[in-house]
>>> print(open('data_19.pdb').read())   # PDB, C-alpha atoms and all ligand atoms
ATOM      1  CA  MET A  97       3.195  19.456  27.934
ATOM      2  CA  GLN A  98      -0.581  19.270  27.630
ATOM      3  CA  LEU A  99      -2.445  18.908  24.343
ATOM      4  CA  TRP A 100      -3.397  22.601  24.347
ATOM      5  CA  ASP A 101       0.314  23.499  24.527
ATOM      6  CA  TYR A 102       0.942  21.442  21.405
ATOM      7  CA  ALA A 103      -2.113  22.999  19.724
ATOM      8  CA  LYS A 104      -0.540  26.466  20.127
ATOM      9  CA  LEU A 105       2.525  25.446  18.063
ATOM     10  CA  SER A 106       2.790  26.160  14.339
ATOM     11  CA  ASP A 107       2.632  23.279  11.837
ATOM     12  CA  ASP A 108       6.349  23.704  11.136
ATOM     13  CA  GLU A 109       7.207  23.369  14.831
ATOM     14  CA  LEU A 110       4.956  20.325  15.162
ATOM     15  CA  LEU A 111       6.504  18.700  12.096
ATOM     16  CA  GLN A 112      10.002  19.223  13.522
ATOM     17  CA  ARG A 113       8.953  17.683  16.835
ATOM     18  CA  ILE A 114       7.313  14.741  15.056
ATOM     19  CA  GLU A 115      10.426  14.093  12.967
ATOM     20  CA  SER A 116      12.812  14.187  15.915
ATOM     21  CA  ALA A 117      10.580  12.107  18.267
ATOM     22  CA  LYS A 118      10.045   9.607  15.475
ATOM     23  CA  ARG A 119      13.802   9.215  14.977
ATOM     24  CA  LYS A 120      14.403   8.846  18.723
ATOM     25  CA  LEU A 121      11.722   6.157  19.062
ATOM     26  CA  GLY A 122      12.475   4.426  15.784
ATOM     27  CA  ALA A 123       8.781   4.743  14.939
ATOM     28  CA  VAL A 124       6.986   4.071  11.669
ATOM     29  CA  ILE A 125       3.838   6.080  10.902
ATOM     30  CA  LEU A 126       0.950   4.242   9.219
ATOM     31  CA  VAL A 127      -1.858   6.455   7.909
ATOM     32  CA  HIS A 128      -5.301   5.569   6.559
ATOM     33  CA  ASN A 129      -6.587   7.238   3.376
ATOM     34  CA  TYR A 130      -9.366   9.047   5.315
ATOM     35  CA  GLN A 131      -6.956  11.047   7.476
ATOM     36  CA  ARG A 132      -6.558  14.822   7.111
ATOM     37  CA  GLY A 133      -4.237  15.971   4.300
ATOM     38  CA  LYS A 134      -1.650  17.173   6.840
ATOM     39  CA  ILE A 135      -1.558  13.728   8.443
ATOM     40  CA  GLN A 136      -1.375  11.979   5.057
ATOM     41  CA  LYS A 137       1.797  13.982   4.384
ATOM     42  CA  ILE A 138       3.660  12.597   7.434
ATOM     43  CA  ALA A 139       2.924   8.970   6.506
ATOM     44  CA  ASP A 140       5.686   6.442   6.040
ATOM     45  CA  PHE A 141       2.933   4.371   4.524
ATOM     46  CA  LEU A 142      -0.509   5.539   3.422
ATOM     47  CA  GLY A 143      -3.218   3.124   2.355
ATOM     48  CA  ASP A 144      -6.478   1.264   2.915
ATOM     49  CA  SER A 145      -7.163  -1.242   5.716
ATOM     50  CA  LEU A 146      -5.817  -4.238   3.806
ATOM     51  CA  GLU A 147      -2.648  -2.479   2.675
ATOM     52  CA  LEU A 148      -2.049  -1.177   6.212
ATOM     53  CA  ALA A 149      -2.625  -4.616   7.753
ATOM     54  CA  ARG A 150      -0.083  -6.152   5.359
ATOM     55  CA  LYS A 151       2.377  -3.362   6.127
ATOM     56  CA  ALA A 152       1.868  -3.714   9.916
ATOM     57  CA  LYS A 153       2.802  -7.396   9.619
ATOM     58  CA  GLU A 154       6.157  -6.729   7.991
ATOM     59  CA  ILE A 155       7.289  -3.681  10.002
ATOM     60  CA  ASP A 156      10.560  -4.191  11.794
ATOM     61  CA  ALA A 157      10.674  -0.891  13.741
ATOM     62  CA  PRO A 158      10.051  -1.037  17.526
ATOM     63  CA  VAL A 159       7.115   1.424  17.439
ATOM     64  CA  ILE A 160       4.136   1.757  15.087
ATOM     65  CA  LEU A 161       2.161   4.997  15.285
ATOM     66  CA  PHE A 162      -1.249   4.373  13.752
ATOM     67  CA  CYS A 163      -3.149   7.361  12.373
ATOM     68  CA  GLY A 164      -6.567   5.840  11.865
ATOM     69  CA  VAL A 165      -9.302   4.468  14.104
ATOM     70  CA  MET A 166      -8.959   2.053  17.008
ATOM     71  CA  PHE A 167      -9.774  -1.222  15.244
ATOM     72  CA  MET A 168      -6.906  -0.566  12.802
ATOM     73  CA  ALA A 169      -4.407   0.051  15.610
ATOM     74  CA  GLU A 170      -5.684  -3.051  17.422
ATOM     75  CA  MET A 171      -5.164  -5.075  14.277
ATOM     76  CA  ALA A 172      -1.558  -3.855  13.951
ATOM     77  CA  LYS A 173      -0.949  -4.933  17.576
ATOM     78  CA  ILE A 174      -2.542  -8.342  17.019
ATOM     79  CA  ILE A 175      -0.528  -9.017  13.872
ATOM     80  CA  ASN A 176       2.741  -7.717  15.281
ATOM     81  CA  PRO A 177       2.431  -8.203  19.082
ATOM     82  CA  ASP A 178       6.069  -7.472  19.946
ATOM     83  CA  LYS A 179       5.796  -3.895  18.705
ATOM     84  CA  VAL A 180       4.586  -0.918  20.697
ATOM     85  CA  VAL A 181       1.497   0.395  18.867
ATOM     86  CA  LEU A 182       0.395   3.958  19.570
ATOM     87  CA  ILE A 183      -2.756   5.801  18.480
ATOM     88  CA  PRO A 184      -2.763   9.622  18.857
ATOM     89  CA  ASP A 185      -6.370   9.731  20.134
ATOM     90  CA  ALA A 186      -7.820   6.817  22.107
ATOM     91  CA  GLN A 187     -11.358   8.115  21.387
ATOM     92  CA  ALA A 188     -10.960   7.549  17.640
ATOM     93  CA  GLY A 189     -13.360   4.614  17.379
ATOM     94  CA  CYS A 190     -15.355   3.402  14.386
ATOM     95  CA  PRO A 191     -19.152   3.595  14.862
ATOM     96  CA  LEU A 192     -19.596   0.799  12.301
ATOM     97  CA  ALA A 193     -17.485  -1.498  14.502
ATOM     98  CA  ALA A 194     -19.821  -0.717  17.421
ATOM     99  CA  HIS A 195     -22.734  -2.312  15.508
ATOM    100  CA  ALA A 196     -21.689  -5.850  16.517
ATOM    101  CA  SER A 197     -20.573  -7.399  19.803
ATOM    102  CA  ALA A 198     -18.926 -10.772  20.411
ATOM    103  CA  GLY A 199     -21.962 -11.917  22.477
ATOM    104  CA  GLU A 200     -24.323 -11.186  19.560
ATOM    105  CA  ILE A 201     -22.125 -13.135  17.136
ATOM    106  CA  VAL A 202     -22.063 -16.123  19.481
ATOM    107  CA  LYS A 203     -25.897 -16.048  19.628
ATOM    108  CA  MET A 204     -26.100 -15.827  15.844
ATOM    109  CA  ARG A 205     -23.786 -18.817  15.553
ATOM    110  CA  GLN A 206     -26.196 -20.790  17.752
ATOM    111  CA  LYS A 207     -29.028 -19.862  15.385
ATOM    112  CA  TYR A 208     -27.007 -20.861  12.288
ATOM    113  CA  PRO A 209     -24.648 -23.573  13.592
ATOM    114  CA  GLU A 210     -23.492 -24.677  10.124
ATOM    115  CA  TYR A 211     -22.658 -21.162   8.910
ATOM    116  CA  ALA A 212     -19.210 -19.565   8.728
ATOM    117  CA  VAL A 213     -18.720 -16.054  10.117
ATOM    118  CA  ILE A 214     -16.924 -13.562   7.876
ATOM    119  CA  THR A 215     -16.152 -10.341   9.692
ATOM    120  CA  TYR A 216     -15.233  -7.067   8.067
ATOM    121  CA  VAL A 217     -12.069  -5.537   9.569
ATOM    122  CA  ASN A 218     -14.193  -2.666  10.856
ATOM    123  CA  SER A 219     -14.938  -4.591  14.045
ATOM    124  CA  SER A 220     -13.515  -4.976  17.535
ATOM    125  CA  ALA A 221     -10.793  -7.504  18.381
ATOM    126  CA  GLU A 222     -13.401  -9.405  20.468
ATOM    127  CA  VAL A 223     -15.685  -9.785  17.432
ATOM    128  CA  LYS A 224     -12.777 -10.928  15.246
ATOM    129  CA  ALA A 225     -11.902 -13.480  17.931
ATOM    130  CA  VAL A 226     -15.276 -15.238  17.512
ATOM    131  CA  SER A 227     -15.162 -15.111  13.694
ATOM    132  CA  ASP A 228     -13.825 -17.645  11.203
ATOM    133  CA  ILE A 229     -12.121 -15.159   8.929
ATOM    134  CA  VAL A 230     -11.725 -11.423   8.490
ATOM    135  CA  CYS A 231     -12.136  -9.467   5.240
ATOM    136  CA  THR A 232     -11.676  -5.904   4.014
ATOM    137  CA  SER A 233     -13.689  -4.060   1.376
ATOM    138  CA  ALA A 234     -10.848  -4.833  -1.055
ATOM    139  CA  ASN A 235     -11.083  -8.605  -0.663
ATOM    140  CA  ALA A 236     -14.628  -9.318   0.641
ATOM    141  CA  VAL A 237     -15.597 -11.101  -2.598
ATOM    142  CA  LYS A 238     -12.429 -13.213  -2.588
ATOM    143  CA  VAL A 239     -12.992 -14.188   1.044
ATOM    144  CA  VAL A 240     -16.621 -15.217   0.366
ATOM    145  CA  GLU A 241     -15.436 -17.229  -2.644
ATOM    146  CA  SER A 242     -12.914 -19.055  -0.472
ATOM    147  CA  PHE A 243     -15.880 -20.980   0.996
ATOM    148  CA  PRO A 244     -17.743 -23.676  -0.967
ATOM    149  CA  LYS A 245     -20.841 -22.312  -2.702
ATOM    150  CA  ASN A 246     -23.207 -24.372  -0.535
ATOM    151  CA  LYS A 247     -21.708 -23.106   2.741
ATOM    152  CA  GLY A 248     -23.934 -20.614   4.556
ATOM    153  CA  ILE A 249     -22.260 -17.384   5.663
ATOM    154  CA  ILE A 250     -22.983 -14.782   8.328
ATOM    155  CA  PHE A 251     -21.456 -11.493   7.161
ATOM    156  CA  VAL A 252     -20.685  -8.958   9.904
ATOM    157  CA  PRO A 253     -21.221  -5.980  10.451
ATOM    158  CA  ASP A 254     -21.774  -3.890   7.252
ATOM    159  CA  LYS A 255     -25.008  -4.678   5.406
ATOM    160  CA  ASN A 256     -24.046  -2.753   2.251
ATOM    161  CA  LEU A 257     -20.704  -4.514   1.847
ATOM    162  CA  CYS A 258     -22.597  -7.750   2.479
ATOM    163  CA  HIS A 259     -25.050  -6.869  -0.311
ATOM    164  CA  TYR A 260     -22.102  -6.183  -2.622
ATOM    165  CA  ALA A 261     -20.404  -9.503  -1.798
ATOM    166  CA  LYS A 262     -23.719 -11.339  -2.292
ATOM    167  CA  ALA A 263     -24.329  -9.697  -5.662
ATOM    168  CA  GLN A 264     -20.774 -10.261  -6.905
ATOM    169  CA  THR A 265     -20.688 -13.921  -5.905
ATOM    170  CA  ASN A 266     -24.278 -14.654  -6.864
ATOM    171  CA  ARG A 267     -24.961 -16.364  -3.542
ATOM    172  CA  GLU A 268     -28.191 -16.279  -1.589
ATOM    173  CA  ASN A 269     -27.091 -18.192   1.515
ATOM    174  CA  ILE A 270     -25.469 -15.151   3.143
ATOM    175  CA  VAL A 271     -27.040 -13.576   6.219
ATOM    176  CA  CYS A 272     -26.209  -9.859   6.416
ATOM    177  CA  TRP A 273     -25.697  -8.181   9.780
ATOM    178  CA  ASP A 274     -27.692  -4.956  10.121
ATOM    179  CA  GLY A 275     -24.826  -2.473  10.547
ATOM    180  CA  ASN A 276     -23.691   0.458   8.444
ATOM    181  CA  CYS A 277     -21.114   3.221   8.238
ATOM    182  CA  TYR A 278     -22.784   6.586   8.876
ATOM    183  CA  VAL A 279     -20.518   8.286   6.316
ATOM    184  CA  HIS A 280     -21.242   5.936   3.393
ATOM    185  CA  ASP A 281     -24.801   4.923   4.208
ATOM    186  CA  ARG A 282     -25.906   8.557   3.805
ATOM    187  CA  PHE A 283     -25.126   8.641   0.071
ATOM    188  CA  THR A 284     -28.226   8.507  -2.118
ATOM    189  CA  SER A 285     -28.859   7.767  -5.799
ATOM    190  CA  ASP A 286     -29.627  11.512  -6.168
ATOM    191  CA  ASP A 287     -26.039  12.218  -5.101
ATOM    192  CA  VAL A 288     -24.826  10.094  -8.029
ATOM    193  CA  LYS A 289     -27.332  11.784 -10.403
ATOM    194  CA  ASN A 290     -26.218  15.266  -9.304
ATOM    195  CA  ALA A 291     -22.531  14.358  -9.579
ATOM    196  CA  CYS A 292     -23.104  13.110 -13.164
ATOM    197  CA  LYS A 293     -24.925  16.370 -14.030
ATOM    198  CA  LYS A 294     -22.135  18.482 -12.571
ATOM    199  CA  HIS A 295     -19.276  16.415 -14.054
ATOM    200  CA  PRO A 296     -20.755  14.760 -17.163
ATOM    201  CA  ASP A 297     -17.416  13.265 -18.282
ATOM    202  CA  ALA A 298     -16.466  11.916 -14.877
ATOM    203  CA  THR A 299     -16.126   8.295 -13.842
ATOM    204  CA  VAL A 300     -18.143   7.748 -10.668
ATOM    205  CA  ILE A 301     -16.490   5.334  -8.252
ATOM    206  CA  VAL A 302     -18.259   4.429  -5.018
ATOM    207  CA  HIS A 303     -17.231   2.433  -1.972
ATOM    208  CA  PRO A 304     -19.076  -0.854  -1.314
ATOM    209  CA  GLU A 305     -20.196   0.533   2.072
ATOM    210  CA  CYS A 306     -22.608   2.772   0.083
ATOM    211  CA  PRO A 307     -26.247   1.595  -0.198
ATOM    212  CA  PRO A 308     -27.118  -0.801  -3.072
ATOM    213  CA  GLU A 309     -29.011   1.880  -5.069
ATOM    214  CA  VAL A 310     -25.844   4.027  -5.055
ATOM    215  CA  GLN A 311     -23.663   1.072  -6.049
ATOM    216  CA  ASN A 312     -26.069   0.290  -8.922
ATOM    217  CA  ARG A 313     -25.740   3.788 -10.397
ATOM    218  CA  ALA A 314     -21.940   3.996 -10.170
ATOM    219  CA  ASP A 315     -19.455   3.223 -12.958
ATOM    220  CA  VAL A 316     -17.085   1.400 -10.618
ATOM    221  CA  ILE A 317     -17.351  -0.008  -7.077
ATOM    222  CA  ALA A 318     -14.026  -0.110  -5.254
ATOM    223  CA  SER A 319     -12.233   0.052  -1.926
ATOM    224  CA  THR A 320     -10.139   3.156  -1.308
ATOM    225  CA  GLY A 321      -7.076   1.202  -2.451
ATOM    226  CA  GLY A 322      -8.957   0.364  -5.670
ATOM    227  CA  MET A 323      -9.901   4.037  -6.115
ATOM    228  CA  TYR A 324      -6.267   5.009  -5.784
ATOM    229  CA  ARG A 325      -5.131   2.445  -8.334
ATOM    230  CA  TYR A 326      -7.895   3.545 -10.733
ATOM    231  CA  ALA A 327      -6.695   7.165 -10.556
ATOM    232  CA  GLN A 328      -3.084   6.044 -10.959
ATOM    233  CA  SER A 329      -3.866   4.157 -14.161
ATOM    234  CA  HIS A 330      -6.351   6.702 -15.624
ATOM    235  CA  ARG A 331      -4.312   9.899 -15.399
ATOM    236  CA  GLY A 332      -6.088  12.936 -16.815
ATOM    237  CA  GLU A 333      -9.569  11.453 -16.314
ATOM    238  CA  THR A 334     -12.116  13.286 -14.147
ATOM    239  CA  ILE A 335     -13.234  11.202 -11.184
ATOM    240  CA  VAL A 336     -16.034  11.528  -8.632
ATOM    241  CA  LEU A 337     -15.616   9.507  -5.448
ATOM    242  CA  GLY A 338     -18.468   8.249  -3.289
ATOM    243  CA  THR A 339     -16.474   7.867  -0.109
ATOM    244  CA  GLU A 340     -14.946   9.890   2.726
ATOM    245  CA  ILE A 341     -13.460  13.172   1.441
ATOM    246  CA  GLY A 342      -9.891  12.277   2.514
ATOM    247  CA  MET A 343      -9.580   9.965  -0.485
ATOM    248  CA  ALA A 344     -10.164  12.754  -3.031
ATOM    249  CA  GLU A 345      -7.690  14.884  -1.081
ATOM    250  CA  ARG A 346      -5.008  12.196  -1.463
ATOM    251  CA  ILE A 347      -5.587  11.671  -5.191
ATOM    252  CA  ASN A 348      -5.642  15.419  -5.947
ATOM    253  CA  SER A 349      -2.409  15.866  -4.037
ATOM    254  CA  GLU A 350      -0.581  12.947  -5.688
ATOM    255  CA  PHE A 351      -2.107  13.186  -9.187
ATOM    256  CA  PRO A 352      -2.886  16.888  -9.777
ATOM    257  CA  ASP A 353      -3.542  16.123 -13.484
ATOM    258  CA  THR A 354      -6.478  13.881 -12.506
ATOM    259  CA  PRO A 355      -9.256  16.133 -11.172
ATOM    260  CA  THR A 356     -11.016  14.215  -8.420
ATOM    261  CA  PHE A 357     -14.157  15.393  -6.628
ATOM    262  CA  PRO A 358     -15.853  14.024  -3.538
ATOM    263  CA  MET A 359     -19.460  13.055  -4.340
ATOM    264  CA  SER A 360     -20.466  14.964  -1.224
ATOM    265  CA  LYS A 361     -18.341  17.484   0.641
ATOM    266  CA  SER A 362     -20.118  16.513   3.839
ATOM    267  CA  ALA A 363     -18.931  12.887   3.654
ATOM    268  CA  ILE A 364     -16.589  13.373   6.588
ATOM    269  CA  CYS A 365     -15.705  10.734   9.147
ATOM    270  CA  SER A 366     -15.380  12.809  12.294
ATOM    271  CA  ASN A 367     -13.751   9.842  14.035
ATOM    272  CA  MET A 368     -10.906   9.705  11.514
ATOM    273  CA  LYS A 369     -10.539  13.470  11.700
ATOM    274  CA  LEU A 370      -9.880  13.336  15.465
ATOM    275  CA  ILE A 371      -6.202  12.791  14.643
ATOM    276  CA  THR A 372      -4.279  16.077  14.347
ATOM    277  CA  LEU A 373      -0.611  17.036  14.046
ATOM    278  CA  ALA A 374      -0.680  18.233  17.678
ATOM    279  CA  LYS A 375      -1.921  14.819  18.849
ATOM    280  CA  VAL A 376       0.666  13.002  16.729
ATOM    281  CA  ALA A 377       3.483  15.098  18.243
ATOM    282  CA  ARG A 378       2.144  14.429  21.749
ATOM    283  CA  ALA A 379       1.782  10.700  21.045
ATOM    284  CA  LEU A 380       5.393  10.354  19.880
ATOM    285  CA  GLU A 381       6.884  12.518  22.629
ATOM    286  CA  GLN A 382       4.823  11.042  25.468
ATOM    287  CA  ASP A 383       4.288   7.438  24.237
ATOM    288  CA  MET A 384       0.552   7.724  24.185
ATOM    289  CA  TYR A 385      -1.859   6.093  23.734
ATOM    290  CA  GLU A 386      -0.468   2.568  23.804
ATOM    291  CA  VAL A 387      -2.838   0.007  22.299
ATOM    292  CA  ASN A 388      -3.070  -3.386  23.965
ATOM    293  CA  VAL A 389      -5.333  -6.344  23.289
ATOM    294  CA  PRO A 390      -5.840  -9.069  25.945
ATOM    295  CA  GLN A 391      -3.757 -12.079  24.922
ATOM    296  CA  SER A 392      -6.648 -14.559  24.919
ATOM    297  CA  VAL A 393      -8.600 -12.294  22.513
ATOM    298  CA  ALA A 394      -5.566 -11.419  20.394
ATOM    299  CA  GLU A 395      -4.590 -15.044  19.819
ATOM    300  CA  LYS A 396      -8.038 -15.972  18.474
ATOM    301  CA  ALA A 397      -8.440 -12.775  16.458
ATOM    302  CA  LYS A 398      -5.016 -13.327  14.917
ATOM    303  CA  ILE A 399      -6.118 -16.666  13.494
ATOM    304  CA  ALA A 400      -9.053 -14.985  11.688
ATOM    305  CA  ILE A 401      -6.807 -12.161  10.401
ATOM    306  CA  GLU A 402      -4.006 -14.481   9.271
ATOM    307  CA  ARG A 403      -6.507 -16.603   7.325
ATOM    308  CA  MET A 404      -7.392 -13.490   5.338
ATOM    309  CA  LEU A 405      -3.765 -12.455   4.806
ATOM    310  CA  GLU A 406      -2.908 -15.935   3.552
ATOM    311  CA  LEU A 407      -5.579 -15.811   0.828
TER
HETATM  312  S1  LIG B 501     -15.617   6.038   7.505
HETATM  313 FE1  LIG B 501     -17.187   4.725   8.395
HETATM  314  S2  LIG B 501     -16.281   2.706   8.511
HETATM  315 FE2  LIG B 501     -14.587   4.182   8.207
HETATM  316  S3  LIG B 501     -13.926   4.683  10.286
HETATM  317 FE3  LIG B 501     -15.441   6.223   9.728
HETATM  318  S4  LIG B 501     -17.367   5.373  10.536
HETATM  319 FE4  LIG B 501     -15.895   3.688  10.505
END
>>> encode(input="data_19.pdb", output="structure tokens")
Amino acid sequence: MQLWDYAKLSDDELLQRIESAKRKLGAVILVHNYQRGKIQKIADFLGDSLELARKAKEIDAPVILFCGVMFMAEMAKIINPDKVVLIPDAQAGCPLAAHASAGEIVKMRQKYPEYAVITYVNSSAEVKAVSDIVCTSANAVKVVESFPKNKGIIFVPDKNLCHYAKAQTNRENIVCWDGNCYVHDRFTSDDVKNACKKHPDATVIVHPECPPEVQNRADVIASTGGMYRYAQSHRGETIVLGTEIGMAERINSEFPDTPTFPMSKSAICSNMKLITLAKVARALEQDMYEVNVPQSVAEKAKIAIERMLEL
């Protein structure tokens, strides 16, 4: 069956196919918070990058189907190399990850030989392989603080998350890479102002990938996992989220008594949204697309990832 054949099926038919192929394969479905609502609903585990990485490490099933972008699926394969890792669309890359290459990091290391390289998970396996340690938006501050205060750091590739980590740790000796996420970097301080006007009682929570002026105007800065936990412990509160719209969709679906609004309805990651029910059904029935990472790269990248997971 071709993808267009799957696309002609109803959601109910696709869900039945997904369930039965999943059982046959013994697959576990991991889903990132930015996925479409329909994909969030088929998750065995739904979460942010850190939560998904931890989950990928402990999964015992033979197959992991990753509904997210490529670097996340690669990470699951690196952490749990004996498993078959599938991604429903091999084109689902992360443009932020494309902002840094391994060759550029090596050159930067030559320029700052004494500095440690902290790499955000939103990066390729090759970039992780030439880094000292990996971080997520949930633990970037903790990872920076794991180095002595006088140790210089090169922070790759998101400049806004780097700014956040610098501000939170009160360190100046951090060199920020010049990358950004096109979804979060587009938020402006006017977006926060307008959200406050529209929802005067709301708590505004923004992701640390947003620009510094947006972070400065927000009530809370948090990863998507942090946003979820905030909503969980503040039931009934109105919340505005400065992040990809999938997060508000999840919170509204799980906590209908906690009205949650995206700060901008156009904050959509088209890469995340490439995953559809039709592609998930095809992936499980036809074992596609299998994610593999060259062993020499995977071994080095694993060291940087494990260092983070051990913290
Ligand atoms: S939201 Fe931004 S960082 Fe996340 S996958 Fe999309 S482009 Fe990459």
>>> residues_near_ligand(input="data_19.pdb", ligand="ligand LIG 501 (chain B)", cutoff="9 Å", atoms="only C-alpha atoms and all ligand atoms", output="PDB file with C-alpha atoms, keeping the file's coordinate frame")
ATOM      1  CA  TYR A 130      -9.366   9.047   5.315  1.00  0.00           C
ATOM      2  CA  GLY A 164      -6.567   5.840  11.865  1.00  0.00           C
ATOM      3  CA  VAL A 165      -9.302   4.468  14.104  1.00  0.00           C
ATOM      4  CA  MET A 166      -8.959   2.053  17.008  1.00  0.00           C
ATOM      5  CA  PHE A 167      -9.774  -1.222  15.244  1.00  0.00           C
ATOM      6  CA  ALA A 188     -10.960   7.549  17.640  1.00  0.00           C
ATOM      7  CA  GLY A 189     -13.360   4.614  17.379  1.00  0.00           C
ATOM      8  CA  CYS A 190     -15.355   3.402  14.386  1.00  0.00           C
ATOM      9  CA  PRO A 191     -19.152   3.595  14.862  1.00  0.00           C
ATOM     10  CA  LEU A 192     -19.596   0.799  12.301  1.00  0.00           C
ATOM     11  CA  ALA A 193     -17.485  -1.498  14.502  1.00  0.00           C
ATOM     12  CA  ASN A 218     -14.193  -2.666  10.856  1.00  0.00           C
ATOM     13  CA  ASP A 254     -21.774  -3.890   7.252  1.00  0.00           C
ATOM     14  CA  ASN A 276     -23.691   0.458   8.444  1.00  0.00           C
ATOM     15  CA  CYS A 277     -21.114   3.221   8.238  1.00  0.00           C
ATOM     16  CA  TYR A 278     -22.784   6.586   8.876  1.00  0.00           C
ATOM     17  CA  VAL A 279     -20.518   8.286   6.316  1.00  0.00           C
ATOM     18  CA  HIS A 280     -21.242   5.936   3.393  1.00  0.00           C
ATOM     19  CA  ASP A 281     -24.801   4.923   4.208  1.00  0.00           C
ATOM     20  CA  GLU A 305     -20.196   0.533   2.072  1.00  0.00           C
ATOM     21  CA  THR A 339     -16.474   7.867  -0.109  1.00  0.00           C
ATOM     22  CA  GLU A 340     -14.946   9.890   2.726  1.00  0.00           C
ATOM     23  CA  ALA A 363     -18.931  12.887   3.654  1.00  0.00           C
ATOM     24  CA  ILE A 364     -16.589  13.373   6.588  1.00  0.00           C
ATOM     25  CA  CYS A 365     -15.705  10.734   9.147  1.00  0.00           C
ATOM     26  CA  SER A 366     -15.380  12.809  12.294  1.00  0.00           C
ATOM     27  CA  ASN A 367     -13.751   9.842  14.035  1.00  0.00           C
ATOM     28  CA  MET A 368     -10.906   9.705  11.514  1.00  0.00           C
ATOM     29  CA  LYS A 369     -10.539  13.470  11.700  1.00  0.00           C
TER      30      LYS A 369
END
>>> residues_around(input="data_19.pdb", residues="Asp144 (chain A)", least_positions_apart="6", cutoff="8 Å", atoms="only C-alpha atoms", output="PDB file with C-alpha atoms, keeping the file's coordinate frame")
ATOM      1  CA  HIS A 128      -5.301   5.569   6.559  1.00  0.00           C
ATOM      2  CA  ASN A 129      -6.587   7.238   3.376  1.00  0.00           C
ATOM      3  CA  SER A 319     -12.233   0.052  -1.926  1.00  0.00           C
ATOM      4  CA  THR A 320     -10.139   3.156  -1.308  1.00  0.00           C
ATOM      5  CA  GLY A 321      -7.076   1.202  -2.451  1.00  0.00           C
TER       6      GLY A 321
END
>>> residues_near_point(input="data_19.pdb", point="(6.7, 15.8, 12.7)", cutoff="10 Å", atoms="only C-alpha atoms", output="PyMOL selection string")
chain A and resi 107-119+135+137-139+373-374+376-377+380
>>> closest_residue(input="data_19.pdb", among="A:Glu210, A:Glu147, A:Asp315, A:Glu309", to="Asn256 (chain A)", atoms="only C-alpha atoms")
A:Glu309
>>> atom_distance(input="data_19.pdb", atom1="CA of Ile201 (chain A)", atom2="CA of Gly275 (chain A)")
12.8 Å
>>> closest_residue(input="data_19.pdb", among="A:Ala400, A:Met384, A:Leu182, A:Ile335", to="Met359 (chain A)", atoms="only C-alpha atoms")
A:Ile335
>>> atom_distance(input="data_19.pdb", atom1="CA of Phe251 (chain A)", atom2="CA of Asp286 (chain A)")
27.8 Å
>>> closest_residue(input="data_19.pdb", among="A:Cys258, A:Met171, A:Ala379, A:Val240", to="Val223 (chain A)", atoms="all atoms listed in the file")
A:Met171
>>> decode(input="data_19.pdb", residues="region 323-331 of chain A", atoms="N, CA, C and O atoms", output="PDB file, in the first residue's frame")
ATOM      1  N   MET A 323       5.937  23.252  31.540  1.00  0.00           N
ATOM      2  CA  MET A 323       4.611  23.845  31.285  1.00  0.00           C
ATOM      3  C   MET A 323       3.518  22.872  31.706  1.00  0.00           C
ATOM      4  O   MET A 323       2.528  23.232  32.330  1.00  0.00           O
ATOM      5  N   TYR A 324       3.737  21.613  31.355  1.00  0.00           N
ATOM      6  CA  TYR A 324       2.751  20.582  31.686  1.00  0.00           C
ATOM      7  C   TYR A 324       2.591  20.474  33.201  1.00  0.00           C
ATOM      8  O   TYR A 324       1.486  20.468  33.730  1.00  0.00           O
ATOM      9  N   ARG A 325       3.731  20.420  33.890  1.00  0.00           N
ATOM     10  CA  ARG A 325       3.661  20.271  35.352  1.00  0.00           C
ATOM     11  C   ARG A 325       3.032  21.507  35.993  1.00  0.00           C
ATOM     12  O   ARG A 325       2.293  21.400  36.969  1.00  0.00           O
ATOM     13  N   TYR A 326       3.282  22.683  35.412  1.00  0.00           N
ATOM     14  CA  TYR A 326       2.659  23.910  35.951  1.00  0.00           C
ATOM     15  C   TYR A 326       1.138  23.780  35.850  1.00  0.00           C
ATOM     16  O   TYR A 326       0.420  24.029  36.825  1.00  0.00           O
ATOM     17  N   ALA A 327       0.654  23.387  34.669  1.00  0.00           N
ATOM     18  CA  ALA A 327      -0.802  23.268  34.472  1.00  0.00           C
ATOM     19  C   ALA A 327      -1.384  22.214  35.417  1.00  0.00           C
ATOM     20  O   ALA A 327      -2.457  22.418  36.007  1.00  0.00           O
ATOM     21  N   GLN A 328      -0.650  21.140  35.594  1.00  0.00           N
ATOM     22  CA  GLN A 328      -1.110  20.039  36.457  1.00  0.00           C
ATOM     23  C   GLN A 328      -1.271  20.501  37.911  1.00  0.00           C
ATOM     24  O   GLN A 328      -2.192  20.079  38.602  1.00  0.00           O
ATOM     25  N   SER A 329      -0.371  21.397  38.337  1.00  0.00           N
ATOM     26  CA  SER A 329      -0.436  21.817  39.745  1.00  0.00           C
ATOM     27  C   SER A 329      -1.160  23.155  39.934  1.00  0.00           C
ATOM     28  O   SER A 329      -1.198  23.675  41.042  1.00  0.00           O
ATOM     29  N   HIS A 330      -1.671  23.753  38.859  1.00  0.00           N
ATOM     30  CA  HIS A 330      -2.429  25.017  38.978  1.00  0.00           C
ATOM     31  C   HIS A 330      -3.764  24.871  38.267  1.00  0.00           C
ATOM     32  O   HIS A 330      -4.117  25.708  37.409  1.00  0.00           O
ATOM     33  N   ARG A 331      -4.495  23.812  38.592  1.00  0.00           N
ATOM     34  CA  ARG A 331      -5.765  23.543  37.920  1.00  0.00           C
ATOM     35  C   ARG A 331      -6.719  24.711  38.120  1.00  0.00           C
ATOM     36  O   ARG A 331      -6.791  25.301  39.195  1.00  0.00           O
TER      37      ARG A 331
END
